[in-house]
file my_file.cif (mmCIF, C-alpha atoms)
data_final
loop_
_atom_site.group_PDB
_atom_site.id
_atom_site.type_symbol
_atom_site.label_atom_id
_atom_site.label_comp_id
_atom_site.auth_asym_id
_atom_site.auth_seq_id
_atom_site.Cartn_x
_atom_site.Cartn_y
_atom_site.Cartn_z
ATOM 1 C CA MET M 1 -15.257 -61.924 53.473
ATOM 2 C CA ASP M 2 -16.910 -62.701 50.129
ATOM 3 C CA ALA M 3 -19.893 -61.026 48.482
ATOM 4 C CA ALA M 4 -22.273 -63.340 50.341
ATOM 5 C CA GLY M 5 -20.856 -62.283 53.709
ATOM 6 C CA ARG M 6 -18.975 -65.530 54.313
ATOM 7 C CA ARG M 7 -15.535 -65.402 55.867
ATOM 8 C CA LYS M 8 -12.940 -67.269 53.871
ATOM 9 C CA PRO M 9 -9.210 -67.676 54.446
ATOM 10 C CA LEU M 10 -7.065 -66.322 51.655
ATOM 11 C CA ARG M 11 -3.325 -66.623 51.350
ATOM 12 C CA VAL M 12 -1.777 -63.848 49.317
ATOM 13 C CA LYS M 13 1.730 -63.799 47.876
ATOM 14 C CA VAL M 14 2.552 -60.367 46.509
ATOM 15 C CA ILE M 15 5.443 -60.157 44.054
ATOM 16 C CA THR M 16 6.530 -56.977 42.339
ATOM 17 C CA LEU M 17 7.776 -58.494 39.113
ATOM 18 C CA GLY M 18 9.206 -55.265 37.812
ATOM 19 C CA SER M 19 11.660 -54.806 40.666
ATOM 20 C CA ALA M 20 15.372 -55.338 40.174
ATOM 21 C CA GLU M 21 15.545 -58.039 42.878
ATOM 22 C CA VAL M 22 13.395 -60.475 40.932
ATOM 23 C CA GLY M 23 14.345 -59.378 37.448
ATOM 24 C CA LYS M 24 16.378 -62.517 36.730
ATOM 25 C CA VAL M 25 14.226 -65.073 38.545
ATOM 26 C CA ARG M 26 10.674 -63.856 38.081
ATOM 27 C CA ASN M 27 9.854 -66.675 35.665
ATOM 28 C CA GLU M 28 9.621 -68.933 38.735
ATOM 29 C CA PHE M 29 6.694 -66.927 40.109
ATOM 30 C CA TYR M 30 4.305 -67.356 37.193
ATOM 31 C CA LYS M 31 3.449 -70.967 37.978
ATOM 32 C CA ASP M 32 0.052 -71.580 39.637
ATOM 33 C CA THR M 33 -0.880 -67.907 39.362
ATOM 34 C CA GLN M 34 -4.546 -67.231 40.087
ATOM 35 C CA GLY M 35 -4.577 -63.466 40.002
ATOM 36 C CA VAL M 36 -2.529 -60.755 38.318
ATOM 37 C CA ILE M 37 -2.552 -56.991 38.882
ATOM 38 C CA LEU M 38 -1.094 -55.031 35.985
ATOM 39 C CA ALA M 39 -0.406 -51.431 37.003
ATOM 40 C CA TYR M 40 0.842 -48.582 34.874
ATOM 41 C CA ASP M 41 1.535 -44.885 35.341
ATOM 42 C CA VAL M 42 -1.049 -42.779 33.469
ATOM 43 C CA GLY M 43 1.588 -40.050 33.169
ATOM 44 C CA GLN M 44 4.060 -42.211 31.251
ATOM 45 C CA LYS M 45 3.369 -43.621 27.794
ATOM 46 C CA GLU M 46 6.237 -46.113 28.206
ATOM 47 C CA SER M 47 4.619 -47.563 31.322
ATOM 48 C CA TYR M 48 1.351 -48.125 29.479
ATOM 49 C CA ASN M 49 3.071 -49.632 26.441
ATOM 50 C CA ALA M 50 4.842 -52.130 28.708
ATOM 51 C CA LEU M 51 1.527 -53.827 29.564
ATOM 52 C CA GLU M 52 1.640 -55.817 26.345
ATOM 53 C CA SER M 53 5.183 -57.052 26.981
ATOM 54 C CA TRP M 54 4.294 -58.161 30.512
ATOM 55 C CA LEU M 55 1.355 -60.132 29.179
ATOM 56 C CA THR M 56 3.502 -61.675 26.450
ATOM 57 C CA GLU M 57 6.178 -62.698 28.935
ATOM 58 C CA MET M 58 3.592 -64.321 31.172
ATOM 59 C CA LYS M 59 2.144 -66.342 28.293
ATOM 60 C CA GLN M 60 5.610 -67.521 27.333
ATOM 61 C CA GLU M 61 6.528 -68.542 30.868
ATOM 62 C CA LEU M 62 3.248 -70.369 31.452
ATOM 63 C CA GLY M 63 3.746 -72.400 28.284
ATOM 64 C CA PRO M 64 1.577 -73.271 25.269
ATOM 65 C CA HIS M 65 -0.979 -75.216 27.317
ATOM 66 C CA ALA M 66 -1.660 -72.420 29.805
ATOM 67 C CA ASN M 67 -5.194 -71.078 30.015
ATOM 68 C CA LEU M 68 -5.400 -67.389 30.923
ATOM 69 C CA GLU M 69 -9.141 -67.818 31.368
ATOM 70 C CA ASN M 70 -8.299 -69.382 34.744
ATOM 71 C CA ILE M 71 -6.525 -66.247 35.926
ATOM 72 C CA VAL M 72 -8.174 -63.069 37.215
ATOM 73 C CA PHE M 73 -6.575 -59.935 35.778
ATOM 74 C CA ALA M 74 -6.970 -56.429 37.147
ATOM 75 C CA VAL M 75 -5.500 -53.480 35.266
ATOM 76 C CA CYS M 76 -4.788 -50.428 37.403
ATOM 77 C CA ALA M 77 -4.403 -47.029 35.789
ATOM 78 C CA ASN M 78 -2.390 -45.568 38.638
ATOM 79 C CA LYS M 79 -1.517 -41.976 39.609
ATOM 80 C CA VAL M 80 -4.838 -40.636 38.311
ATOM 81 C CA ASP M 81 -4.285 -37.674 40.630
ATOM 82 C CA CYS M 82 -1.442 -36.379 38.437
ATOM 83 C CA GLY M 83 -3.721 -33.834 36.737
ATOM 84 C CA LYS M 84 -2.483 -32.305 33.486
ATOM 85 C CA ARG M 85 0.537 -34.621 33.395
ATOM 86 C CA ARG M 86 -1.768 -37.491 32.432
ATOM 87 C CA VAL M 87 -1.066 -38.779 28.914
ATOM 88 C CA ILE M 88 -3.127 -42.011 28.864
ATOM 89 C CA ASP M 89 -6.826 -41.253 29.172
ATOM 90 C CA GLU M 90 -9.374 -43.549 30.751
ATOM 91 C CA SER M 91 -10.947 -44.708 27.492
ATOM 92 C CA GLU M 92 -7.598 -45.900 26.116
ATOM 93 C CA GLY M 93 -6.685 -47.867 29.239
ATOM 94 C CA ARG M 94 -10.178 -49.251 29.685
ATOM 95 C CA LEU M 95 -10.277 -50.426 26.074
ATOM 96 C CA TRP M 96 -6.981 -52.305 26.477
ATOM 97 C CA ALA M 97 -8.227 -54.050 29.601
ATOM 98 C CA GLU M 98 -11.847 -54.791 28.797
ATOM 99 C CA SER M 99 -11.153 -55.988 25.255
ATOM 100 C CA ARG M 100 -9.147 -58.782 26.912
ATOM 101 C CA GLY M 101 -11.762 -59.527 29.547
ATOM 102 C CA PHE M 102 -9.732 -57.875 32.316
ATOM 103 C CA TYR M 103 -11.013 -55.671 35.128
ATOM 104 C CA TYR M 104 -10.085 -52.003 34.875
ATOM 105 C CA PHE M 105 -9.662 -49.549 37.736
ATOM 106 C CA GLU M 106 -8.657 -45.914 38.029
ATOM 107 C CA THR M 107 -6.412 -45.734 41.111
ATOM 108 C CA SER M 108 -4.097 -43.512 43.084
ATOM 109 C CA ALA M 109 -1.689 -45.041 45.581
ATOM 110 C CA GLN M 110 -1.162 -41.594 47.074
ATOM 111 C CA SER M 111 -4.786 -40.616 47.702
ATOM 112 C CA GLY M 112 -6.177 -44.150 47.982
ATOM 113 C CA GLU M 113 -8.704 -43.595 45.204
ATOM 114 C CA GLY M 114 -10.040 -46.864 43.787
ATOM 115 C CA ILE M 115 -7.695 -49.061 45.854
ATOM 116 C CA ASN M 116 -10.294 -50.683 48.132
ATOM 117 C CA GLU M 117 -12.686 -51.312 45.257
ATOM 118 C CA MET M 118 -9.928 -52.875 43.189
ATOM 119 C CA PHE M 119 -8.742 -55.288 45.898
ATOM 120 C CA GLN M 120 -12.291 -56.211 46.931
ATOM 121 C CA THR M 121 -13.275 -57.064 43.351
ATOM 122 C CA PHE M 122 -9.948 -58.753 42.647
ATOM 123 C CA PHE M 123 -9.949 -61.103 45.633
ATOM 124 C CA SER M 124 -13.697 -61.827 45.441
ATOM 125 C CA SER M 125 -13.276 -62.857 41.815
ATOM 126 C CA ILE M 126 -10.409 -65.194 42.711
ATOM 127 C CA LEU M 127 -12.563 -66.849 45.380
ATOM 128 C CA ASP M 128 -15.433 -67.229 42.914
ATOM 129 C CA MET M 129 -13.064 -68.709 40.369
ATOM 130 C CA CYS M 130 -11.721 -71.232 42.893
ATOM 131 C CA GLU M 131 -15.257 -72.325 43.713
ATOM 132 C CA ASN M 132 -16.617 -72.419 40.155
ATOM 133 C CA GLY M 133 -13.474 -73.435 38.297
ATOM 134 C CA LYS M 134 -13.461 -70.474 35.920
ATOM 135 C CA ARG M 135 -13.176 -66.727 35.867
ATOM 136 C CA PRO M 136 -16.428 -64.873 36.689
ATOM 137 C CA GLN M 137 -18.422 -64.222 33.546
ATOM 138 C CA SER M 138 -19.318 -60.703 34.641
ATOM 139 C CA SER M 139 -15.851 -59.511 33.643
ATOM 140 C CA LEU M 140 -16.286 -60.824 30.098
ATOM 141 C CA ASN M 141 -19.642 -59.314 29.122
ATOM 142 C CA LEU M 142 -18.468 -56.834 26.511
ATOM 143 C CA GLY M 143 -20.539 -54.509 24.399
ATOM 144 C CA PHE M 144 -18.059 -54.596 21.523
ATOM 145 C CA THR M 145 -16.149 -56.988 19.295
ATOM 146 C CA LYS M 146 -12.423 -57.565 18.829
ATOM 147 C CA GLU M 147 -12.655 -55.969 15.388
ATOM 148 C CA GLN M 148 -14.124 -52.800 16.890
ATOM 149 C CA ALA M 149 -11.463 -52.673 19.604
ATOM 150 C CA ASP M 150 -8.628 -53.208 17.101
ATOM 151 C CA THR M 151 -10.065 -50.530 14.796
ATOM 152 C CA ILE M 152 -10.230 -47.965 17.607
ATOM 153 C CA ARG M 153 -6.594 -48.679 18.493
ATOM 154 C CA ARG M 154 -5.560 -48.296 14.857
ATOM 155 C CA ILE M 155 -7.363 -44.957 14.560
ATOM 156 C CA ARG M 156 -5.735 -43.720 17.773
ATOM 157 C CA ASN M 157 -2.299 -44.487 16.346
ATOM 158 C CA SER M 158 -2.927 -43.121 12.847
ATOM 159 C CA LYS M 159 -0.534 -40.439 11.612
ATOM 160 C CA ASP M 160 -2.838 -38.795 9.071
ATOM 161 C CA SER M 161 -6.339 -38.851 7.615
ATOM 162 C CA TRP M 162 -5.464 -41.389 4.905
ATOM 163 C CA GLU M 163 -4.150 -43.852 7.452
ATOM 164 C CA MET M 164 -7.157 -43.212 9.673
ATOM 165 C CA LEU M 165 -9.492 -44.438 6.933
ATOM 166 C CA GLY M 166 -7.125 -47.279 6.084
ATOM 167 C CA MET M 167 -6.328 -45.908 2.618
ATOM 168 C CA ARG M 168 -3.353 -44.845 0.532
ATOM 169 C CA PRO M 169 -2.996 -41.255 -0.734
ATOM 170 C CA GLY M 170 -4.546 -40.662 -4.134
ATOM 171 C CA ALA M 171 -7.817 -42.524 -3.617
ATOM 172 C CA SER M 172 -10.967 -41.208 -5.297
ATOM 173 C CA ARG M 173 -13.994 -39.571 -3.670
ATOM 174 C CA ASP M 174 -15.996 -42.790 -4.036
ATOM 175 C CA GLU M 175 -13.243 -44.832 -2.394
ATOM 176 C CA VAL M 176 -13.002 -42.374 0.510
ATOM 177 C CA ASN M 177 -16.767 -42.429 1.020
ATOM 178 C CA LYS M 178 -16.856 -46.224 0.847
ATOM 179 C CA ALA M 179 -14.127 -46.556 3.499
ATOM 180 C CA TYR M 180 -15.893 -43.958 5.646
ATOM 181 C CA ARG M 181 -19.253 -45.745 5.519
ATOM 182 C CA LYS M 182 -17.661 -49.035 6.549
ATOM 183 C CA LEU M 183 -15.943 -47.486 9.566
ATOM 184 C CA ALA M 184 -18.978 -45.405 10.504
ATOM 185 C CA MET M 185 -21.181 -48.499 10.641
ATOM 186 C CA LEU M 186 -18.558 -50.331 12.704
ATOM 187 C CA LEU M 187 -17.920 -47.563 15.245
ATOM 188 C CA HIS M 188 -21.178 -45.665 15.545
ATOM 189 C CA PRO M 189 -21.790 -45.072 19.285
ATOM 190 C CA ASP M 190 -25.280 -46.560 18.981
ATOM 191 C CA LYS M 191 -23.771 -49.880 17.823
ATOM 192 C CA CYS M 192 -20.369 -49.915 19.527
ATOM 193 C CA LEU M 193 -19.985 -49.647 23.313
ATOM 194 C CA ALA M 194 -16.203 -49.902 23.317
ATOM 195 C CA PRO M 195 -14.389 -47.230 25.352
ATOM 196 C CA GLY M 196 -13.252 -44.507 22.985
ATOM 197 C CA SER M 197 -15.714 -45.413 20.224
ATOM 198 C CA GLU M 198 -17.320 -41.970 20.223
ATOM 199 C CA ASP M 199 -13.971 -40.209 19.798
ATOM 200 C CA ALA M 200 -12.938 -42.681 17.101
ATOM 201 C CA PHE M 201 -16.209 -42.103 15.249
ATOM 202 C CA LYS M 202 -15.696 -38.323 15.343
ATOM 203 C CA ALA M 203 -12.124 -38.790 14.131
ATOM 204 C CA VAL M 204 -13.353 -40.800 11.133
ATOM 205 C CA VAL M 205 -15.925 -38.125 10.268
ATOM 206 C CA ASN M 206 -13.275 -35.400 10.417
ATOM 207 C CA ALA M 207 -10.806 -37.478 8.391
ATOM 208 C CA ARG M 208 -13.385 -37.906 5.619
ATOM 209 C CA THR M 209 -14.025 -34.148 5.594
ATOM 210 C CA VAL M 210 -10.300 -33.366 5.328
ATOM 211 C CA LEU M 211 -9.741 -35.824 2.480
ATOM 212 C CA LEU M 212 -12.775 -34.733 0.465
ATOM 213 C CA LYS M 213 -11.668 -31.090 0.710
ATOM 214 C CA SER M 214 -8.228 -32.112 -0.508
ATOM 215 C CA ILE M 215 -9.670 -34.099 -3.414
ATOM 216 C CA ASN M 216 -11.984 -31.198 -4.389
ATOM 217 C CA LEU M 217 -9.016 -28.830 -4.444
ATOM 218 C CA MET M 218 -7.056 -31.171 -6.688
ATOM 219 C CA MET M 219 -10.006 -31.449 -9.078
ATOM 220 C CA ALA M 220 -10.433 -27.662 -9.125
ATOM 221 C CA SER M 221 -6.743 -27.112 -9.887
ATOM 222 C CA SER M 222 -6.929 -29.640 -12.724
ATOM 223 C CA THR M 223 -9.912 -27.811 -14.199
ATOM 224 C CA PHE M 224 -8.069 -24.481 -13.981
ATOM 225 C CA ILE M 225 -5.029 -25.869 -15.774
ATOM 226 C CA GLY M 226 -7.202 -27.466 -18.459
ATOM 227 C CA HIS M 227 -8.997 -24.190 -19.282
ATOM 228 C CA TYR M 228 -6.046 -21.819 -19.078
ATOM 229 C CA PRO M 229 -3.020 -23.266 -20.871
ATOM 230 C CA GLY M 230 0.064 -21.182 -21.414
ATOM 231 C CA PRO M 231 3.520 -20.398 -20.021
ATOM 232 C CA CYS M 232 2.116 -18.929 -16.793
ATOM 233 C CA VAL M 233 0.263 -22.146 -16.078
ATOM 234 C CA GLU M 234 3.394 -24.258 -16.420
ATOM 235 C CA LYS M 235 4.698 -22.693 -13.227
ATOM 236 C CA TRP M 236 1.330 -23.386 -11.558
ATOM 237 C CA GLN M 237 1.522 -27.015 -12.660
ATOM 238 C CA ARG M 238 4.921 -27.372 -11.033
ATOM 239 C CA GLN M 239 3.800 -25.700 -7.816
ATOM 240 C CA THR M 240 0.365 -27.322 -7.459
ATOM 241 C CA PRO M 241 1.533 -30.639 -5.926
ATOM 242 C CA LYS M 242 3.539 -28.724 -3.311
ATOM 243 C CA VAL M 243 0.626 -26.414 -2.523
ATOM 244 C CA ILE M 244 -1.798 -29.316 -2.189
ATOM 245 C CA LYS M 245 0.627 -31.235 0.004
ATOM 246 C CA ARG M 246 0.985 -28.237 2.325
ATOM 247 C CA LEU M 247 -2.784 -27.779 2.379
ATOM 248 C CA GLU M 248 -3.321 -31.446 3.260
ATOM 249 C CA ALA M 249 -0.815 -31.142 6.089
ATOM 250 C CA SER M 250 -2.548 -27.988 7.356
ATOM 251 C CA LEU M 251 -5.964 -29.627 7.268
ATOM 252 C CA ALA M 252 -4.603 -32.676 9.087
ATOM 253 C CA LEU M 253 -3.036 -30.482 11.767
ATOM 254 C CA LEU M 254 -6.282 -28.566 12.105
ATOM 255 C CA TYR M 255 -8.125 -31.827 12.705
ATOM 256 C CA LEU M 256 -5.553 -33.116 15.191
ATOM 257 C CA HIS M 257 -5.822 -29.965 17.297
ATOM 258 C CA GLN M 258 -9.625 -29.887 17.395
#

call {"tool": "encode", "arguments": {"input": "my_file.cif", "output": "structure tokens"}}
result
Amino acid sequence: MDAAGRRKPLRVKVITLGSAEVGKVRNEFYKDTQGVILAYDVGQKESYNALESWLTEMKQELGPHANLENIVFAVCANKVDCGKRRVIDESEGRLWAESRGFYYFETSAQSGEGINEMFQTFFSSILDMCENGKRPQSSLNLGFTKEQADTIRRIRNSKDSWEMLGMRPGASRDEVNKAYRKLAMLLHPDKCLAPGSEDAFKAVVNARTVLLKSINLMMASSTFIGHYPGPCVEKWQRQTPKVIKRLEASLALLYLHQ
């Protein structure tokens, strides 16, 4: 039954493409696909990372003239009942899905959470697409741009504060502030509705604070060396880079554990 209460016949062919039985022949099942459910285990980073490879394989099998806009995609973050074992949070999964115009659902096959809603939305959207010739527009109304989504992903995967601001170590205060302002304008929660934008914005603020403290320390050490020359300072000059490097690492760790 569709959203308007009309009964409609629907033939469903369910294929678990990740199973060993179809591993060598699954390319045959991509043809004429109208709906795809991509499920991953929120407790396994490898399962989440595999989403991209599944999508890539599908594009390759469908060929260069395939139009994914004519396919309804639903991304299921499964096993949300796993508690503290969860390693992929909702904002990360939702960003991956919605930035591509896909539906996103938090589900649990064990408890049944989100399952009915997912299938109802999924099949209703396929029926609407068959009637109108294109995927429902409601799934594509995003409150963020591709640039914002890509920036949030980059910040999530950054290893240190320099990388977070998209800079190389050794930049000046002005360069750090310039990079910060650009990212702040792009990711401010009032202007960016992408999942995870608030956390990314806070991360950028903290990264700027860490780097400016590091730069101030380097400037202070240079001033000290300039005013107090002598044999005792030579040792300080040799040790300063090591001290600053350890301090930068400590500040970065402090940020990461906030």

call {"tool": "closest_atom_pairs", "arguments": {"input": "my_file.cif", "of": "region 102-155 of chain M", "to": "region 169-189 of chain M", "cutoff": "9 Å", "atoms": "only C-alpha atoms", "output": "Markdown table"}}
result
| residue | atom | partner | partner_atom | distance |
| --- | --- | --- | --- | --- |
| M:Glu147 | CA | M:Leu186 | CA | 8.6 |
| M:Gln148 | CA | M:Leu186 | CA | 6.6 |
| M:Thr151 | CA | M:Leu187 | CA | 8.4 |
| M:Ile152 | CA | M:Leu187 | CA | 8.1 |

call {"tool": "write_last_selection", "arguments": {"input": "my_file.cif", "atoms": "C-alpha atoms", "output": "PDB file, in the frame of the given file"}}
result
ATOM      1  CA  GLU M 147     -12.655 -55.969  15.388  1.00  0.00           C
ATOM      2  CA  GLN M 148     -14.124 -52.800  16.890  1.00  0.00           C
ATOM      3  CA  THR M 151     -10.065 -50.530  14.796  1.00  0.00           C
ATOM      4  CA  ILE M 152     -10.230 -47.965  17.607  1.00  0.00           C
TER       5      ILE M 152
END

call {"tool": "closest_atom_pairs", "arguments": {"input": "my_file.cif", "of": "region 103-153 of chain M", "to": "region 90-97 of chain M", "cutoff": "7 Å", "atoms": "only C-alpha atoms", "output": "Markdown table"}}
result
| residue | atom | partner | partner_atom | distance |
| --- | --- | --- | --- | --- |
| M:Tyr103 | CA | M:Ala97 | CA | 6.4 |
| M:Tyr104 | CA | M:Arg94 | CA | 5.9 |
| M:Ala149 | CA | M:Leu95 | CA | 7.0 |

call {"tool": "closest_residue", "arguments": {"input": "my_file.cif", "among": "M:Trp162, M:Lys191, M:Ile88, M:Leu51", "to": "Leu212 (chain M)", "atoms": "all atoms listed in the file"}}
result
M:Trp162

call {"tool": "resolve_selection", "arguments": {"input": "my_file.cif", "expression": "the PyMOL selection byres ((chain M and resi 202-209) around 7)", "output": "PDB file with C-alpha atoms, in the coordinates of the input"}}
result
ATOM      1  CA  SER M 161      -6.339 -38.851   7.615  1.00  0.00           C
ATOM      2  CA  MET M 164      -7.157 -43.212   9.673  1.00  0.00           C
ATOM      3  CA  LEU M 165      -9.492 -44.438   6.933  1.00  0.00           C
ATOM      4  CA  VAL M 176     -13.002 -42.374   0.510  1.00  0.00           C
ATOM      5  CA  TYR M 180     -15.893 -43.958   5.646  1.00  0.00           C
ATOM      6  CA  GLU M 198     -17.320 -41.970  20.223  1.00  0.00           C
ATOM      7  CA  ASP M 199     -13.971 -40.209  19.798  1.00  0.00           C
ATOM      8  CA  ALA M 200     -12.938 -42.681  17.101  1.00  0.00           C
ATOM      9  CA  PHE M 201     -16.209 -42.103  15.249  1.00  0.00           C
ATOM     10  CA  VAL M 210     -10.300 -33.366   5.328  1.00  0.00           C
ATOM     11  CA  LEU M 211      -9.741 -35.824   2.480  1.00  0.00           C
ATOM     12  CA  LEU M 212     -12.775 -34.733   0.465  1.00  0.00           C
ATOM     13  CA  LYS M 213     -11.668 -31.090   0.710  1.00  0.00           C
ATOM     14  CA  TYR M 255      -8.125 -31.827  12.705  1.00  0.00           C
TER      15      TYR M 255
END

call {"tool": "closest_residue", "arguments": {"input": "my_file.cif", "among": "M:Asp128, M:Asp32, M:Glu106, M:Tyr40", "to": "Leu62 (chain M)", "atoms": "only C-alpha atoms"}}
result
M:Asp32

call {"tool": "resolve_selection", "arguments": {"input": "my_file.cif", "expression": "the PyMOL selection byres ((chain M and resi 193) around 6)", "output": "PDB file with C-alpha atoms, in the frame of the given file"}}
result
ATOM      1  CA  GLY M 143     -20.539 -54.509  24.399  1.00  0.00           C
ATOM      2  CA  PHE M 144     -18.059 -54.596  21.523  1.00  0.00           C
ATOM      3  CA  CYS M 192     -20.369 -49.915  19.527  1.00  0.00           C
ATOM      4  CA  ALA M 194     -16.203 -49.902  23.317  1.00  0.00           C
TER       5      ALA M 194
END

call {"tool": "atom_distance", "arguments": {"input": "my_file.cif", "atom1": "CA of Asn49 (chain M)", "atom2": "CA of Met118 (chain M)"}}
result
21.4 Å

call {"tool": "closest_residue", "arguments": {"input": "my_file.cif", "among": "M:Ala66, M:Met129, M:Ala109, M:Ala77", "to": "Gln44 (chain M)", "atoms": "all atoms listed in the file"}}
result
M:Ala77

call {"tool": "atom_distance", "arguments": {"input": "my_file.cif", "atom1": "CA of Leu55 (chain M)", "atom2": "CA of Asp41 (chain M)"}}
result
16.4 Å

call {"tool": "closest_residue", "arguments": {"input": "my_file.cif", "among": "M:Met218, M:Val42, M:Met58, M:Val36", "to": "Val87 (chain M)", "atoms": "only C-alpha atoms"}}
result
M:Val42

call {"tool": "atom_distance", "arguments": {"input": "my_file.cif", "atom1": "CA of Ser124 (chain M)", "atom2": "CA of Phe29 (chain M)"}}
result
21.7 Å

call {"tool": "axis_aligned_box", "arguments": {"input": "my_file.cif", "around": "region 196-206 of chain M", "padding_each_side": "5 Å", "output": "JSON"}}
result
{"center_x": -14.7, "center_y": -40.4, "center_z": 16.6, "size_x": 15.2, "size_y": 20.0, "size_z": 22.7}

call {"tool": "resolve_selection", "arguments": {"input": "my_file.cif", "expression": "the PyMOL selection byres ((chain M and resi 31) around 12)", "output": "JSON, numbers by chain"}}
result
{"M": [26, 27, 28, 29, 30, 32, 33, 34, 35, 36, 58, 59, 60, 61, 62, 63, 66, 67, 68, 71]}

call {"tool": "write_last_selection", "arguments": {"input": "my_file.cif", "atoms": "C-alpha atoms", "output": "PDB file, keeping the file's coordinate frame"}}
result
ATOM      1  CA  ARG M  26      10.674 -63.856  38.081  1.00  0.00           C
ATOM      2  CA  ASN M  27       9.854 -66.675  35.665  1.00  0.00           C
ATOM      3  CA  GLU M  28       9.621 -68.933  38.735  1.00  0.00           C
ATOM      4  CA  PHE M  29       6.694 -66.927  40.109  1.00  0.00           C
ATOM      5  CA  TYR M  30       4.305 -67.356  37.193  1.00  0.00           C
ATOM      6  CA  ASP M  32       0.052 -71.580  39.637  1.00  0.00           C
ATOM      7  CA  THR M  33      -0.880 -67.907  39.362  1.00  0.00           C
ATOM      8  CA  GLN M  34      -4.546 -67.231  40.087  1.00  0.00           C
ATOM      9  CA  GLY M  35      -4.577 -63.466  40.002  1.00  0.00           C
ATOM     10  CA  VAL M  36      -2.529 -60.755  38.318  1.00  0.00           C
ATOM     11  CA  MET M  58       3.592 -64.321  31.172  1.00  0.00           C
ATOM     12  CA  LYS M  59       2.144 -66.342  28.293  1.00  0.00           C
ATOM     13  CA  GLN M  60       5.610 -67.521  27.333  1.00  0.00           C
ATOM     14  CA  GLU M  61       6.528 -68.542  30.868  1.00  0.00           C
ATOM     15  CA  LEU M  62       3.248 -70.369  31.452  1.00  0.00           C
ATOM     16  CA  GLY M  63       3.746 -72.400  28.284  1.00  0.00           C
ATOM     17  CA  ALA M  66      -1.660 -72.420  29.805  1.00  0.00           C
ATOM     18  CA  ASN M  67      -5.194 -71.078  30.015  1.00  0.00           C
ATOM     19  CA  LEU M  68      -5.400 -67.389  30.923  1.00  0.00           C
ATOM     20  CA  ILE M  71      -6.525 -66.247  35.926  1.00  0.00           C
TER      21      ILE M  71
END

call {"tool": "residues_around", "arguments": {"input": "my_file.cif", "residues": "Gly112 (chain M)", "least_positions_apart": "5", "cutoff": "12 Å", "atoms": "all atoms listed in the file", "output": "compact mmCIF listing (two decimals) with C-alpha atoms, in the coordinates of the input"}}
result
# COMPACT_ATOMS: atom_id res chain seq x y z
CA ASN M 78 -2.39 -45.57 38.64
CA LYS M 79 -1.52 -41.98 39.61
CA VAL M 80 -4.84 -40.64 38.31
CA ASP M 81 -4.28 -37.67 40.63
CA GLU M 106 -8.66 -45.91 38.03
CA THR M 107 -6.41 -45.73 41.11
CA GLU M 117 -12.69 -51.31 45.26
CA MET M 118 -9.93 -52.88 43.19
CA PHE M 119 -8.74 -55.29 45.90

call {"tool": "closest_residue", "arguments": {"input": "my_file.cif", "among": "M:Ser197, M:Ser125, M:Thr56, M:Asn70", "to": "Arg153 (chain M)", "atoms": "all atoms listed in the file"}}
result
M:Ser197

call {"tool": "closest_residue", "arguments": {"input": "my_file.cif", "among": "M:Met219, M:Ala74, M:Gln120, M:Glu46", "to": "Phe105 (chain M)", "atoms": "only C-alpha atoms"}}
result
M:Ala74

call {"tool": "decode", "arguments": {"input": "my_file.cif", "residues": "region 75-86 of chain M", "atoms": "C-alpha atoms", "output": "PDB file, in the first residue's frame"}}
result
ATOM      1  CA  VAL M  75      21.757   3.162   3.829  1.00  0.00           C
ATOM      2  CA  CYS M  76      21.204   1.161   7.003  1.00  0.00           C
ATOM      3  CA  ALA M  77      23.438   1.710  10.005  1.00  0.00           C
ATOM      4  CA  ASN M  78      22.751  -1.687  11.519  1.00  0.00           C
ATOM      5  CA  LYS M  79      23.317  -3.120  15.016  1.00  0.00           C
ATOM      6  CA  VAL M  80      22.652   0.239  16.687  1.00  0.00           C
ATOM      7  CA  ASP M  81      21.845  -1.744  19.829  1.00  0.00           C
ATOM      8  CA  CYS M  82      25.516  -2.689  20.279  1.00  0.00           C
ATOM      9  CA  GLY M  83      26.047   0.046  22.886  1.00  0.00           C
ATOM     10  CA  LYS M  84      29.638   1.007  23.675  1.00  0.00           C
ATOM     11  CA  ARG M  85      30.983  -1.219  20.896  1.00  0.00           C
ATOM     12  CA  ARG M  86      29.723   1.307  18.345  1.00  0.00           C
TER      13      ARG M  86
END
